[in-house]
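Structure file start_16.txt (compact mmCIF, C-alpha atoms) is printed below.
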```txt
# COMPACT_ATOMS: atom_id res chain seq x y z
CA MET A 426 15.51 -23.52 -28.30
CA SER A 427 12.02 -22.64 -29.54
CA LEU A 428 9.39 -25.37 -29.50
CA PRO A 429 6.65 -25.65 -32.13
CA GLN A 430 3.88 -26.31 -29.59
CA VAL A 431 4.44 -22.92 -27.93
CA PRO A 432 2.38 -20.20 -29.67
CA ASP A 433 4.54 -17.26 -30.66
CA ILE A 434 4.07 -14.21 -28.40
CA LEU A 435 3.34 -12.12 -31.52
CA SER A 436 0.63 -14.50 -32.81
CA PRO A 437 -3.12 -13.78 -32.72
CA GLU A 438 -3.58 -17.05 -30.79
CA PHE A 439 -1.30 -15.81 -28.02
CA ALA A 440 -2.93 -12.35 -27.95
CA ALA A 441 -6.36 -13.93 -27.56
CA ASP A 442 -5.33 -16.06 -24.57
CA PRO A 443 -1.68 -16.24 -23.48
CA TYR A 444 -2.23 -18.38 -20.39
CA PRO A 445 -2.15 -21.84 -22.06
CA ALA A 446 1.07 -20.81 -23.83
CA TYR A 447 2.53 -19.61 -20.55
CA ARG A 448 1.80 -23.02 -19.01
CA VAL A 449 3.60 -24.87 -21.83
CA MET A 450 6.58 -22.52 -21.50
CA ARG A 451 6.88 -23.02 -17.75
CA GLU A 452 6.61 -26.78 -18.03
CA SER A 453 8.77 -27.56 -21.07
CA ALA A 454 10.47 -24.40 -22.38
CA PRO A 455 11.26 -22.07 -19.45
CA LEU A 456 13.94 -20.28 -21.50
CA ILE A 457 13.19 -19.59 -25.18
CA TRP A 458 15.21 -17.57 -27.67
CA HIS A 459 12.66 -15.40 -29.52
CA GLU A 460 14.09 -14.28 -32.82
CA ALA A 461 11.56 -11.54 -33.65
CA THR A 462 12.19 -9.60 -30.43
CA ARG A 463 15.86 -10.68 -30.21
CA SER A 464 15.31 -11.66 -26.60
CA TYR A 465 15.18 -14.64 -24.26
CA LEU A 466 11.71 -15.35 -22.87
CA VAL A 467 11.71 -16.32 -19.19
CA SER A 468 8.50 -17.76 -17.72
CA ARG A 469 9.12 -19.46 -14.36
CA TYR A 470 8.49 -17.65 -11.10
CA GLU A 471 11.87 -18.47 -9.56
CA ASP A 472 13.73 -17.07 -12.59
CA VAL A 473 11.69 -13.87 -12.97
CA GLN A 474 11.90 -13.22 -9.23
CA ARG A 475 15.68 -13.69 -9.33
CA ILE A 476 16.07 -11.34 -12.31
CA PHE A 477 13.98 -8.60 -10.67
CA ARG A 478 15.68 -8.87 -7.28
CA ASP A 479 19.12 -9.08 -8.92
CA ARG A 480 21.04 -9.46 -5.70
CA ASN A 481 24.28 -10.35 -7.54
CA GLY A 482 24.33 -7.57 -10.14
CA GLU A 483 23.63 -10.01 -12.98
CA PHE A 484 21.00 -7.87 -14.72
CA THR A 485 20.73 -4.20 -15.68
CA THR A 486 18.14 -1.86 -17.16
CA ASP A 487 20.49 -0.90 -20.01
CA ASN A 488 17.81 -2.17 -22.42
CA TYR A 489 15.73 0.92 -21.55
CA ALA A 490 18.14 3.03 -23.62
CA TRP A 491 16.40 1.68 -26.73
CA GLN A 492 13.15 0.49 -25.20
CA ILE A 493 11.89 3.62 -23.40
CA GLU A 494 14.39 6.47 -23.79
CA PRO A 495 13.13 7.37 -27.30
CA VAL A 496 9.71 8.23 -25.83
CA HIS A 497 10.44 9.30 -22.23
CA GLY A 498 14.02 10.49 -22.34
CA ARG A 499 16.46 9.22 -19.71
CA THR A 500 14.44 8.24 -16.65
CA ILE A 501 15.04 6.93 -13.16
CA LEU A 502 14.47 3.40 -14.51
CA GLN A 503 17.81 3.54 -16.34
CA LEU A 504 19.88 4.67 -13.38
CA ASP A 505 21.88 2.52 -11.00
CA GLY A 506 23.96 2.96 -7.86
CA ARG A 507 24.08 6.31 -6.12
CA GLU A 508 22.58 8.18 -9.08
CA HIS A 509 19.48 5.95 -8.89
CA ALA A 510 19.29 6.15 -5.08
CA VAL A 511 19.42 9.96 -5.06
CA ARG A 512 16.83 10.39 -7.85
CA ARG A 513 14.49 7.88 -6.23
CA ALA A 514 14.86 9.63 -2.86
CA LEU A 515 13.90 12.91 -4.55
CA VAL A 516 10.64 11.59 -6.03
CA ALA A 517 9.59 8.82 -3.61
CA PRO A 518 8.20 10.81 -0.64
CA ALA A 519 5.16 11.99 -2.60
CA PHE A 520 4.15 8.37 -3.22
CA ARG A 521 4.13 7.02 0.32
CA GLY A 522 3.25 7.69 3.94
CA ALA A 523 1.96 10.97 5.29
CA GLU A 524 2.49 12.98 2.11
CA LEU A 525 0.41 10.56 0.06
CA ARG A 526 -2.33 10.43 2.72
CA GLU A 527 -2.49 14.13 3.57
CA ARG A 528 -1.70 15.84 0.27
CA PHE A 529 -3.00 13.49 -2.36
CA LEU A 530 -5.68 11.24 -0.88
CA PRO A 531 -8.18 14.15 -0.97
CA VAL A 532 -7.30 14.62 -4.66
CA ILE A 533 -7.87 10.93 -5.34
CA GLU A 534 -11.23 10.97 -3.52
CA ARG A 535 -12.42 14.10 -5.34
CA ASP A 536 -11.39 12.90 -8.81
CA SER A 537 -13.10 9.54 -8.31
CA ARG A 538 -16.29 11.16 -7.00
CA GLU A 539 -16.49 13.59 -9.94
CA LEU A 540 -16.31 10.77 -12.48
CA ILE A 541 -18.90 8.63 -10.67
CA ASP A 542 -21.28 11.58 -10.30
CA ALA A 543 -21.36 11.87 -14.10
CA PHE A 544 -23.02 8.44 -14.52
CA ARG A 545 -24.47 7.33 -11.17
CA HIS A 546 -27.96 8.55 -12.16
CA ALA A 547 -27.89 6.74 -15.53
CA GLY A 548 -28.34 3.14 -14.43
CA SER A 549 -25.62 2.00 -16.81
CA ALA A 550 -21.99 2.81 -17.59
CA ASP A 551 -18.84 1.41 -19.12
CA LEU A 552 -16.44 1.13 -16.18
CA VAL A 553 -13.49 1.30 -18.58
CA ALA A 554 -14.44 4.25 -20.80
CA ASP A 555 -16.36 6.24 -18.16
CA TYR A 556 -14.08 5.61 -15.21
CA ALA A 557 -10.91 3.50 -15.35
CA THR A 558 -9.25 5.20 -18.34
CA ARG A 559 -9.91 8.65 -16.89
CA PHE A 560 -9.43 8.30 -13.14
CA PRO A 561 -5.64 7.69 -12.77
CA VAL A 562 -4.75 10.27 -15.43
CA ASN A 563 -6.92 12.89 -13.75
CA VAL A 564 -5.24 12.10 -10.43
CA ILE A 565 -1.74 12.48 -11.89
CA ALA A 566 -2.69 15.71 -13.66
CA ASP A 567 -4.05 17.11 -10.39
CA MET A 568 -1.03 15.92 -8.39
CA LEU A 569 1.28 17.67 -10.84
CA GLY A 570 -0.91 20.79 -10.94
CA LEU A 571 -1.66 20.40 -14.66
CA ASP A 572 -4.88 21.39 -16.38
CA LYS A 573 -7.36 18.51 -16.38
CA ALA A 574 -8.90 20.04 -19.49
CA ASP A 575 -5.84 18.61 -21.24
CA HIS A 576 -6.91 15.07 -20.28
CA PRO A 577 -7.60 14.01 -23.90
CA ARG A 578 -4.07 15.04 -24.80
CA PHE A 579 -2.58 13.19 -21.83
CA HIS A 580 -4.59 10.09 -22.74
CA ARG A 581 -3.42 10.23 -26.36
CA TRP A 582 0.18 10.65 -25.24
CA TYR A 583 0.23 7.80 -22.76
CA THR A 584 -1.59 5.50 -25.21
CA SER A 585 1.09 6.29 -27.78
CA VAL A 586 3.90 5.68 -25.28
CA VAL A 587 2.47 2.33 -24.13
CA ALA A 588 2.02 1.26 -27.77
CA PHE A 589 5.70 2.13 -28.34
CA LEU A 590 6.80 0.08 -25.32
CA GLY A 591 4.71 -2.87 -26.47
CA ASN A 592 5.81 -2.61 -30.11
CA LEU A 593 7.33 -6.09 -30.07
CA SER A 594 6.94 -6.50 -33.84
CA GLY A 595 8.81 -3.26 -34.58
CA ASP A 596 6.03 -1.42 -36.44
CA PRO A 597 7.69 1.77 -37.80
CA GLU A 598 4.47 3.83 -37.54
CA VAL A 599 4.09 2.99 -33.85
CA ARG A 600 7.73 3.92 -33.30
CA ALA A 601 7.34 7.24 -35.13
CA ALA A 602 4.18 8.10 -33.17
CA GLY A 603 6.00 7.41 -29.90
CA GLU A 604 8.92 9.63 -30.86
CA ARG A 605 6.51 12.42 -31.87
CA THR A 606 4.88 12.12 -28.46
CA ARG A 607 8.21 12.81 -26.73
CA VAL A 608 8.60 16.03 -28.73
CA GLU A 609 5.00 17.14 -28.13
CA PHE A 610 5.15 16.37 -24.41
CA ALA A 611 8.42 18.27 -24.02
CA ALA A 612 6.94 21.31 -25.79
CA TYR A 613 3.99 21.14 -23.37
CA MET A 614 5.85 20.43 -20.12
CA LEU A 615 9.12 22.38 -20.23
CA PRO A 616 7.50 25.85 -20.14
CA ILE A 617 5.30 24.69 -17.24
CA ILE A 618 8.35 23.37 -15.35
CA ARG A 619 10.22 26.65 -15.86
CA ALA A 620 7.19 28.65 -14.70
CA ARG A 621 6.80 26.42 -11.62
CA ARG A 622 10.44 27.03 -10.69
CA GLU A 623 9.74 30.78 -10.76
CA ASN A 624 6.39 30.56 -8.97
CA PRO A 625 6.09 27.30 -7.03
CA GLY A 626 2.70 26.10 -5.85
CA ASP A 627 1.44 23.36 -3.55
CA ASP A 628 1.72 20.56 -6.11
CA LEU A 629 4.02 17.66 -6.92
CA LEU A 630 5.63 19.43 -9.86
CA SER A 631 6.70 22.32 -7.60
CA THR A 632 7.99 19.80 -5.05
CA LEU A 633 10.08 18.08 -7.73
CA CYS A 634 11.46 21.45 -8.86
CA ALA A 635 12.57 22.30 -5.32
CA ALA A 636 13.70 18.86 -4.13
CA GLU A 637 17.38 18.60 -3.25
CA ILE A 638 19.59 15.91 -1.69
CA ASP A 639 23.29 16.50 -0.99
CA GLY A 640 23.27 19.47 -3.34
CA VAL A 641 21.70 17.45 -6.17
CA ARG A 642 18.54 18.80 -7.80
CA MET A 643 16.57 17.47 -10.73
CA SER A 644 17.11 19.26 -14.04
CA ASP A 645 14.17 20.40 -16.16
CA GLU A 646 14.80 17.39 -18.39
CA ASP A 647 14.89 15.01 -15.38
CA ILE A 648 11.51 16.34 -14.26
CA ARG A 649 9.99 16.21 -17.73
CA ALA A 650 11.13 12.60 -18.20
CA PHE A 651 9.73 11.62 -14.78
CA CYS A 652 6.37 13.28 -15.54
CA SER A 653 6.23 11.44 -18.87
CA LEU A 654 6.96 8.15 -17.09
CA LEU A 655 4.40 8.93 -14.40
CA LEU A 656 1.62 9.65 -16.89
CA ALA A 657 2.24 6.50 -18.90
CA ALA A 658 3.05 4.08 -16.08
CA GLY A 659 0.50 5.51 -13.65
CA GLY A 660 -2.20 5.91 -16.28
CA GLU A 661 -2.13 2.68 -18.24
CA THR A 662 -1.36 0.28 -15.40
CA THR A 663 -3.91 1.58 -12.87
CA ASP A 664 -6.50 1.84 -15.65
CA ARG A 665 -6.01 -1.86 -16.50
CA ALA A 666 -5.83 -2.89 -12.84
CA ILE A 667 -9.18 -1.29 -11.95
CA ALA A 668 -10.87 -2.76 -15.01
CA SER A 669 -9.42 -6.22 -14.37
CA LEU A 670 -10.34 -6.13 -10.67
CA PHE A 671 -14.00 -5.44 -11.47
CA ALA A 672 -14.01 -7.98 -14.31
CA ASN A 673 -12.64 -10.63 -11.95
CA LEU A 674 -15.12 -9.82 -9.18
CA LEU A 675 -18.12 -9.57 -11.49
CA ARG A 676 -17.24 -13.00 -12.90
CA HIS A 677 -17.14 -14.41 -9.35
CA PRO A 678 -20.38 -13.22 -7.68
CA ASP A 679 -19.64 -14.92 -4.35
CA GLN A 680 -16.33 -13.08 -4.02
CA PHE A 681 -17.92 -9.84 -5.22
CA ALA A 682 -20.59 -10.18 -2.53
CA ALA A 683 -17.88 -10.78 0.08
CA VAL A 684 -16.00 -7.60 -0.95
CA ARG A 685 -19.19 -5.56 -0.97
CA ALA A 686 -20.00 -6.75 2.55
CA ASP A 687 -16.44 -6.41 3.90
CA ARG A 688 -14.45 -3.58 2.33
CA GLY A 689 -11.38 -4.77 4.22
CA LEU A 690 -11.13 -7.40 1.47
CA ILE A 691 -10.42 -4.78 -1.23
CA PRO A 692 -6.61 -4.98 -0.81
CA ARG A 693 -6.86 -8.77 -1.08
CA ALA A 694 -8.94 -8.47 -4.25
CA PHE A 695 -6.43 -6.02 -5.71
CA ALA A 696 -3.42 -8.17 -4.81
CA GLU A 697 -5.05 -11.27 -6.32
CA THR A 698 -5.91 -9.29 -9.47
CA LEU A 699 -2.25 -8.23 -9.77
CA ARG A 700 -1.26 -11.89 -9.52
CA HIS A 701 -4.00 -13.43 -11.65
CA THR A 702 -4.38 -10.79 -14.38
CA PRO A 703 -1.46 -8.32 -14.06
CA PRO A 704 -1.72 -5.06 -16.04
CA VAL A 705 1.83 -5.46 -17.39
CA HIS A 706 2.69 -8.92 -18.72
CA MET A 707 6.29 -8.33 -19.79
CA ILE A 708 9.27 -6.39 -18.43
CA MET A 709 12.69 -6.55 -20.04
CA ARG A 710 16.15 -6.59 -18.48
CA GLN A 711 19.66 -6.99 -19.90
CA SER A 712 22.19 -9.56 -18.70
CA ALA A 713 25.46 -8.13 -17.38
CA ALA A 714 27.22 -11.51 -17.39
CA GLU A 715 26.58 -15.08 -18.45
CA VAL A 716 23.69 -16.32 -16.31
CA THR A 717 22.30 -19.83 -15.93
CA LEU A 718 18.51 -19.97 -15.53
CA SER A 719 15.98 -22.81 -15.70
CA GLY A 720 16.32 -24.33 -19.14
CA GLY A 721 19.69 -22.95 -20.16
CA THR A 722 22.23 -20.14 -20.16
CA VAL A 723 21.86 -16.48 -21.18
CA PRO A 724 24.99 -14.83 -22.62
CA PRO A 725 26.18 -11.41 -21.40
CA GLY A 726 24.57 -8.38 -23.03
CA ALA A 727 21.37 -10.24 -23.97
CA THR A 728 17.84 -8.88 -23.63
CA VAL A 729 15.70 -10.98 -21.30
CA THR A 730 11.89 -10.67 -21.46
CA CYS A 731 10.41 -11.53 -18.07
CA LEU A 732 6.91 -12.92 -18.59
CA ILE A 733 5.12 -11.66 -15.47
CA GLY A 734 1.80 -13.10 -16.65
CA ALA A 735 3.42 -16.54 -16.78
CA ALA A 736 5.44 -16.31 -13.55
CA ASN A 737 2.43 -15.14 -11.53
CA ARG A 738 0.62 -18.37 -12.44
CA ASP A 739 3.49 -20.74 -11.71
CA GLU A 740 2.16 -23.97 -10.19
CA THR A 741 5.28 -24.32 -8.06
CA ARG A 742 4.52 -21.02 -6.33
CA TYR A 743 0.71 -20.81 -6.19
CA ARG A 744 -1.85 -23.56 -5.69
CA ASP A 745 -4.43 -23.81 -8.48
CA PRO A 746 -2.87 -20.68 -10.06
CA ASP A 747 -5.46 -20.23 -12.82
CA ARG A 748 -8.20 -19.77 -10.22
CA PHE A 749 -9.06 -16.23 -9.04
CA ASP A 750 -9.37 -16.45 -5.26
CA ILE A 751 -9.21 -13.40 -3.02
CA ARG A 752 -8.93 -15.64 0.04
CA ARG A 753 -5.92 -17.68 -1.11
CA ASP A 754 -3.38 -18.15 1.69
CA ASP A 755 -0.30 -18.34 -0.56
CA LEU A 756 -0.40 -14.64 -1.51
CA THR A 757 0.68 -12.20 1.21
CA THR A 758 -1.58 -9.14 1.13
CA THR A 759 0.32 -7.22 3.81
CA THR A 760 3.43 -7.01 1.61
CA ALA A 761 1.68 -7.00 -1.79
CA PHE A 762 2.30 -3.27 -2.33
CA SER A 763 5.92 -3.19 -1.20
CA ALA A 764 9.27 -4.36 -2.57
CA ALA A 765 8.74 -7.51 -0.45
CA ALA A 766 5.70 -8.53 -2.55
CA ASP A 767 5.51 -12.19 -3.56
CA HIS A 768 3.60 -11.47 -6.78
CA LEU A 769 5.68 -9.90 -9.55
CA ALA A 770 3.30 -7.33 -11.07
CA PHE A 771 5.23 -4.32 -9.66
CA ALA A 772 8.65 -5.93 -10.30
CA LEU A 773 10.94 -6.25 -7.23
CA GLY A 774 14.22 -4.94 -5.88
CA ARG A 775 15.59 -1.43 -6.42
CA HIS A 776 13.36 -0.87 -9.46
CA PHE A 777 10.17 -1.87 -7.64
CA CYS A 778 7.33 0.39 -8.83
CA VAL A 779 7.58 3.72 -7.00
CA GLY A 780 3.85 4.28 -7.51
CA ALA A 781 2.60 1.03 -5.93
CA LEU A 782 1.08 2.73 -2.87
CA LEU A 783 -0.47 5.43 -5.05
CA ALA A 784 -2.09 2.68 -7.14
CA LYS A 785 -3.32 0.99 -3.96
CA ALA A 786 -4.83 4.27 -2.70
CA GLU A 787 -6.54 4.86 -6.06
CA VAL A 788 -7.94 1.34 -6.25
CA GLU A 789 -9.18 1.26 -2.64
CA THR A 790 -10.81 4.67 -3.02
CA GLY A 791 -12.32 3.90 -6.41
CA VAL A 792 -13.72 0.49 -5.49
CA ASN A 793 -15.22 1.80 -2.24
CA GLN A 794 -16.86 4.78 -3.95
CA LEU A 795 -18.17 2.72 -6.86
CA LEU A 796 -19.69 0.14 -4.52
CA ASP A 797 -21.28 2.89 -2.42
CA ALA A 798 -22.70 4.74 -5.41
CA LEU A 799 -23.84 1.83 -7.61
CA PRO A 800 -26.20 -0.55 -5.79
CA ASP A 801 -26.65 -4.03 -7.30
CA LEU A 802 -23.77 -3.45 -9.75
CA ARG A 803 -23.72 -6.22 -12.38
CA LEU A 804 -22.45 -6.92 -15.89
CA ALA A 805 -24.68 -5.82 -18.76
CA ASP A 806 -26.89 -8.69 -19.96
CA GLY A 807 -25.00 -11.14 -22.11
CA PHE A 808 -21.61 -9.39 -21.75
CA GLU A 809 -18.54 -11.46 -20.94
CA PRO A 810 -15.36 -9.46 -20.17
CA VAL A 811 -12.52 -10.13 -22.60
CA GLU A 812 -8.86 -9.26 -21.98
CA ARG A 813 -6.96 -7.53 -24.77
CA GLY A 814 -3.28 -6.77 -25.24
CA VAL A 815 0.08 -8.52 -25.10
CA PHE A 816 2.56 -6.17 -23.38
CA THR A 817 -0.15 -4.63 -21.21
CA ARG A 818 -3.44 -6.47 -20.83
CA GLY A 819 -6.95 -5.90 -19.53
CA PRO A 820 -10.59 -5.45 -20.56
CA ARG A 821 -11.10 -2.67 -23.12
CA SER A 822 -14.78 -2.43 -22.21
CA LEU A 823 -16.83 -3.29 -19.13
CA PRO A 824 -20.51 -2.32 -19.56
CA VAL A 825 -22.44 -2.58 -16.31
CA ARG A 826 -25.96 -1.99 -15.01
CA PHE A 827 -27.07 -0.76 -11.58
CA THR A 828 -29.99 0.95 -9.87
CA PRO A 829 -29.74 4.67 -10.70
CA ALA A 830 -29.10 7.04 -7.79
CA GLY A 831 -32.31 8.45 -6.36
CA PHE A 832 -34.43 5.40 -7.18
```
Just dump the structure as structure tokens.
Amino acid sequence: MSLPQVPDILSPEFAADPYPAYRVMRESAPLIWHEATRSYLVSRYEDVQRIFRDRNGEFTTDNYAWQIEPVHGRTILQLDGREHAVRRALVAPAFRGAELRERFLPVIERDSRELIDAFRHAGSADLVADYATRFPVNVIADMLGLDKADHPRFHRWYTSVVAFLGNLSGDPEVRAAGERTRVEFAAYMLPIIRARRENPGDDLLSTLCAAEIDGVRMSDEDIRAFCSLLLAAGGETTDRAIASLFANLLRHPDQFAAVRADRGLIPRAFAETLRHTPPVHMIMRQSAAEVTLSGGTVPPGATVTCLIGAANRDETRYRDPDRFDIRRDDLTTTTAFSAAADHLAFALGRHFCVGALLAKAEVETGVNQLLDALPDLRLADGFEPVERGVFTRGPRSLPVRFTPAGF
């Protein structure tokens, strides 16, 4: 079912710019068997949306047993039914509503301000290296009550985990590094979890240790696996989202000026970034039965690779989908950070990203503070942002200039 005119997802051509390939897939090959990853590639919006929502029990997350369990352990992503509902109910309150606003928004604001204060007087910075790669990890470390001095270790671990998840070519060194990370992270976290059970504090880790529903509590291993997932998912994705949001705005000066003048547009800019340049381009599921999708039939027990980067630019869902437009009227901002979102960057359904509102709070806080602190923010002369990555994607560097504070 593969077509020669579709660049392979493991090719350098695809890595450099996947969007033309996505268009060809949607139009003429919406379901492709990909031999190297032993999976079916699905590219149309209607199909990816259906797989994520999974209202008929046609798809499972059983693929995570080999895709993520070797690095995280068994996480909430692999659970279904009551087991999933109870675990999600134990962890979800910290990531929404009053608890997020009252307990963790001050943490987010402080961590962002500390990073900006380190370069606001310099007149130049790299928004990726100096800010985006550090901010979400610092927030998660502070939420969990971990030592921010260990940030370099956290960064190394989550980079290793994300490389493992995106190891589509099966590189044995990447796999081995990911498995080592699981061992190292367990050695680091388990003593902290045990100590927090004995002497709880006012932090998320203590809350997870004490949380109980219908007599069910999380084991040390449950908590360790969730913290591992939180560091990787919350670090890498928010990092890429912030970098991509600024890259998109800086490439569109009129829209950047509009956001600077009206900060109420920040959620729109974030939602459009998630649609136009999502941090995660691929999420896998496993078929539970034979399923007919656009372009053919998937047998039971098959791995299905949902191409979010392709589905989010489907011409049948969004007008002029390759255009970045924060004012588009076919993307609903009010639901963009909930399980009712019409973009697919956070997935949908029962496995919708539990950290979506945390990411929104981080992005809104960060963008507001950066715009306040860095007057006349602009790209460094001659620099054009370039996306990198296949599984996750975003600018690796974003050098900017601005008037230094105090001038």
Item to check | Contacts of Met614 in chain A within 10 Å, all atoms listed in the file, excl. fewer than 2 positions in-chain, as a PyMOL selection string | outcome: chain A and resi 571+609-612+616-620+645-646+648-650+652-653
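Of the residues under consideration (A:Phe816, A:Tyr465, A:Phe695, A:Phe808), A:Phe816 shows the shortest atom-to-atom contact distance to Leu435 in chain A when counting only C-alpha atoms.
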Next on the checklist: For a quick check of understanding, using all atoms listed in the file, which of A:Asp797, A:Asp575, A:Asp806, A:Asp739 has the smallest distance to Glu471 in chain A?
Outcome noted: A:Asp739
Checklist outcome for this item: Expressed in Å, the length from CA of Asp472 in chain A to CA of Leu655 in chain A is 27.7 Å
Checklist entry - What's the 9 Å shell around Leu654 in chain A, counting all atoms listed in the file, without same-chain residues fewer than 3 positions away, as a PyMOL selection string? => result chain A and resi 497+500+583+649-651+657-659
Item to check | Computed interatomic separation between CA of Ala765 in chain A and CA of Thr486 in chain A (Å) | outcome: 20.0 Å
Given all atoms listed in the file, how would the per-residue table for range 727-793 of chain A near range 475-484 of chain A read, listing every residue at most 12 Å away with its closest atom pair and distance in Å to one decimal, sorted by chain and number, as JSON lines?
```
{"residue": "A:Ala727", "atom": "CA", "partner": "A:Phe484", "partner_atom": "CA", "distance": 9.6}
{"residue": "A:Thr728", "atom": "CA", "partner": "A:Phe484", "partner_atom": "CA", "distance": 9.5}
{"residue": "A:Val729", "atom": "CA", "partner": "A:Phe484", "partner_atom": "CA", "distance": 9.0}
{"residue": "A:Thr730", "atom": "CA", "partner": "A:Ile476", "partner_atom": "CA", "distance": 10.1}
{"residue": "A:Cys731", "atom": "CA", "partner": "A:Ile476", "partner_atom": "CA", "distance": 8.1}
{"residue": "A:Leu732", "atom": "CA", "partner": "A:Ile476", "partner_atom": "CA", "distance": 11.2}
{"residue": "A:Ile733", "atom": "CA", "partner": "A:Phe477", "partner_atom": "CA", "distance": 10.5}
{"residue": "A:Ala736", "atom": "CA", "partner": "A:Arg475", "partner_atom": "CA", "distance": 11.4}
{"residue": "A:Ala764", "atom": "CA", "partner": "A:Arg478", "partner_atom": "CA", "distance": 9.1}
{"residue": "A:Ala765", "atom": "CA", "partner": "A:Arg478", "partner_atom": "CA", "distance": 9.8}
{"residue": "A:Ala766", "atom": "CA", "partner": "A:Arg478", "partner_atom": "CA", "distance": 11.0}
{"residue": "A:Asp767", "atom": "CA", "partner": "A:Arg478", "partner_atom": "CA", "distance": 11.3}
{"residue": "A:His768", "atom": "CA", "partner": "A:Phe477", "partner_atom": "CA", "distance": 11.5}
{"residue": "A:Leu769", "atom": "CA", "partner": "A:Phe477", "partner_atom": "CA", "distance": 8.5}
{"residue": "A:Ala770", "atom": "CA", "partner": "A:Phe477", "partner_atom": "CA", "distance": 10.8}
{"residue": "A:Phe771", "atom": "CA", "partner": "A:Phe477", "partner_atom": "CA", "distance": 9.8}
{"residue": "A:Ala772", "atom": "CA", "partner": "A:Phe477", "partner_atom": "CA", "distance": 6.0}
{"residue": "A:Leu773", "atom": "CA", "partner": "A:Phe477", "partner_atom": "CA", "distance": 5.2}
{"residue": "A:Gly774", "atom": "CA", "partner": "A:Arg478", "partner_atom": "CA", "distance": 4.4}
{"residue": "A:Arg775", "atom": "CA", "partner": "A:Arg478", "partner_atom": "CA", "distance": 7.5}
{"residue": "A:His776", "atom": "CA", "partner": "A:Phe477", "partner_atom": "CA", "distance": 7.8}
{"residue": "A:Phe777", "atom": "CA", "partner": "A:Phe477", "partner_atom": "CA", "distance": 8.3}
{"residue": "A:Cys778", "atom": "CA", "partner": "A:Phe477", "partner_atom": "CA", "distance": 11.3}
```
Would you save the residues of that selection, restricted to C-alpha atoms, as a compact mmCIF listing (two decimals), keeping the file's coordinate frame?
```
# COMPACT_ATOMS: atom_id res chain seq x y z
CA ALA A 727 21.37 -10.24 -23.97
CA THR A 728 17.84 -8.88 -23.63
CA VAL A 729 15.70 -10.98 -21.30
CA THR A 730 11.89 -10.67 -21.46
CA CYS A 731 10.41 -11.53 -18.07
CA LEU A 732 6.91 -12.92 -18.59
CA ILE A 733 5.12 -11.66 -15.47
CA ALA A 736 5.44 -16.31 -13.55
CA ALA A 764 9.27 -4.36 -2.57
CA ALA A 765 8.74 -7.51 -0.45
CA ALA A 766 5.70 -8.53 -2.55
CA ASP A 767 5.51 -12.19 -3.56
CA HIS A 768 3.60 -11.47 -6.78
CA LEU A 769 5.68 -9.90 -9.55
CA ALA A 770 3.30 -7.33 -11.07
CA PHE A 771 5.23 -4.32 -9.66
CA ALA A 772 8.65 -5.93 -10.30
CA LEU A 773 10.94 -6.25 -7.23
CA GLY A 774 14.22 -4.94 -5.88
CA ARG A 775 15.59 -1.43 -6.42
CA HIS A 776 13.36 -0.87 -9.46
CA PHE A 777 10.17 -1.87 -7.64
CA CYS A 778 7.33 0.39 -8.83
```
Next on the checklist: Around (-21.1, -0.6, -6.9), as given in the file, which residues come within 12 Å? Count only C-alpha atoms and list them as a PyMOL selection string.
Outcome noted: chain A and resi 541+544-545+548-550+552+671+674-675+681-682+684-686+688+791-804+825-830
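Minimum atom-to-atom distances from A:Leu783, A:Asp664, A:Asp747, A:Arg538 to Ala554 in chain A were compared using all atoms listed in the file, and the lowest value belongs to A:Asp664.
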Next on the checklist: Need to verify the contact set: Thr662 in chain A, 9 Å, only C-alpha atoms, exclusion of same-chain residues closer than 2 positions in sequence. Can you return it as a list of chain:residue names?
Outcome noted: A:Pro561, A:Ala657, A:Ala658, A:Gly659, A:Gly660, A:Asp664, A:Arg665, A:Ala666, A:Ile667, A:Pro703, A:Pro704, A:Val705, A:Ala784, A:Thr817, A:Arg818
Item to check | Residues near range 447-461 of chain A, cut-off 9 Å, only C-alpha atoms, skip fewer than 5 positions along chain, as a PyMOL selection string | outcome: chain A and resi 426-428+430-431+433-435+466-470+472+593-595+718-723+732+734-736+738-740
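Distance check against Gln680 in chain A using all atoms listed in the file: of A:Leu756, A:Ile751, A:Val586, A:Ala781, the minimum falls on A:Ile751.
Using only C-alpha atoms, the smallest distance between any of A:Arg607, A:Ile708, A:Thr462, A:Arg700 and Arg742 in chain A comes from A:Arg700.
The coordinates place CA of Lys785 in chain A at 9.5 Å from CA of Ile691 in chain A.
Those residues that approach Leu540 in chain A to within 9 Å, counting only C-alpha atoms, are A:Asp555, A:Tyr556, A:Arg559, A:Phe560; same-chain residues fewer than 6 positions away are not listed.
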Enclosing box along x, y and z for every listed atom of range 793-800 of chain A, padded 3 Å each side, centre and size in Å, one decimal, as lines of an AutoDock Vina configuration file:
```
center_x = -20.7
center_y = 2.1
center_z = -4.9
size_x = 17.0
size_y = 11.3
size_z = 11.4
```
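Proximity ranking of A:Pro692, A:Pro597, A:Gly570, A:Pro445 relative to Val532 in chain A places A:Gly570 first, based on only C-alpha atoms.
A cut-off of 7 Å from the point (-10.2, 8.7, -3.0), with only C-alpha atoms, picks out the residues Leu530, Pro531, Val532, Ile533, Glu534, Arg535, Ser537, Ala786, Glu787, Thr790 and Gly791 of chain A.
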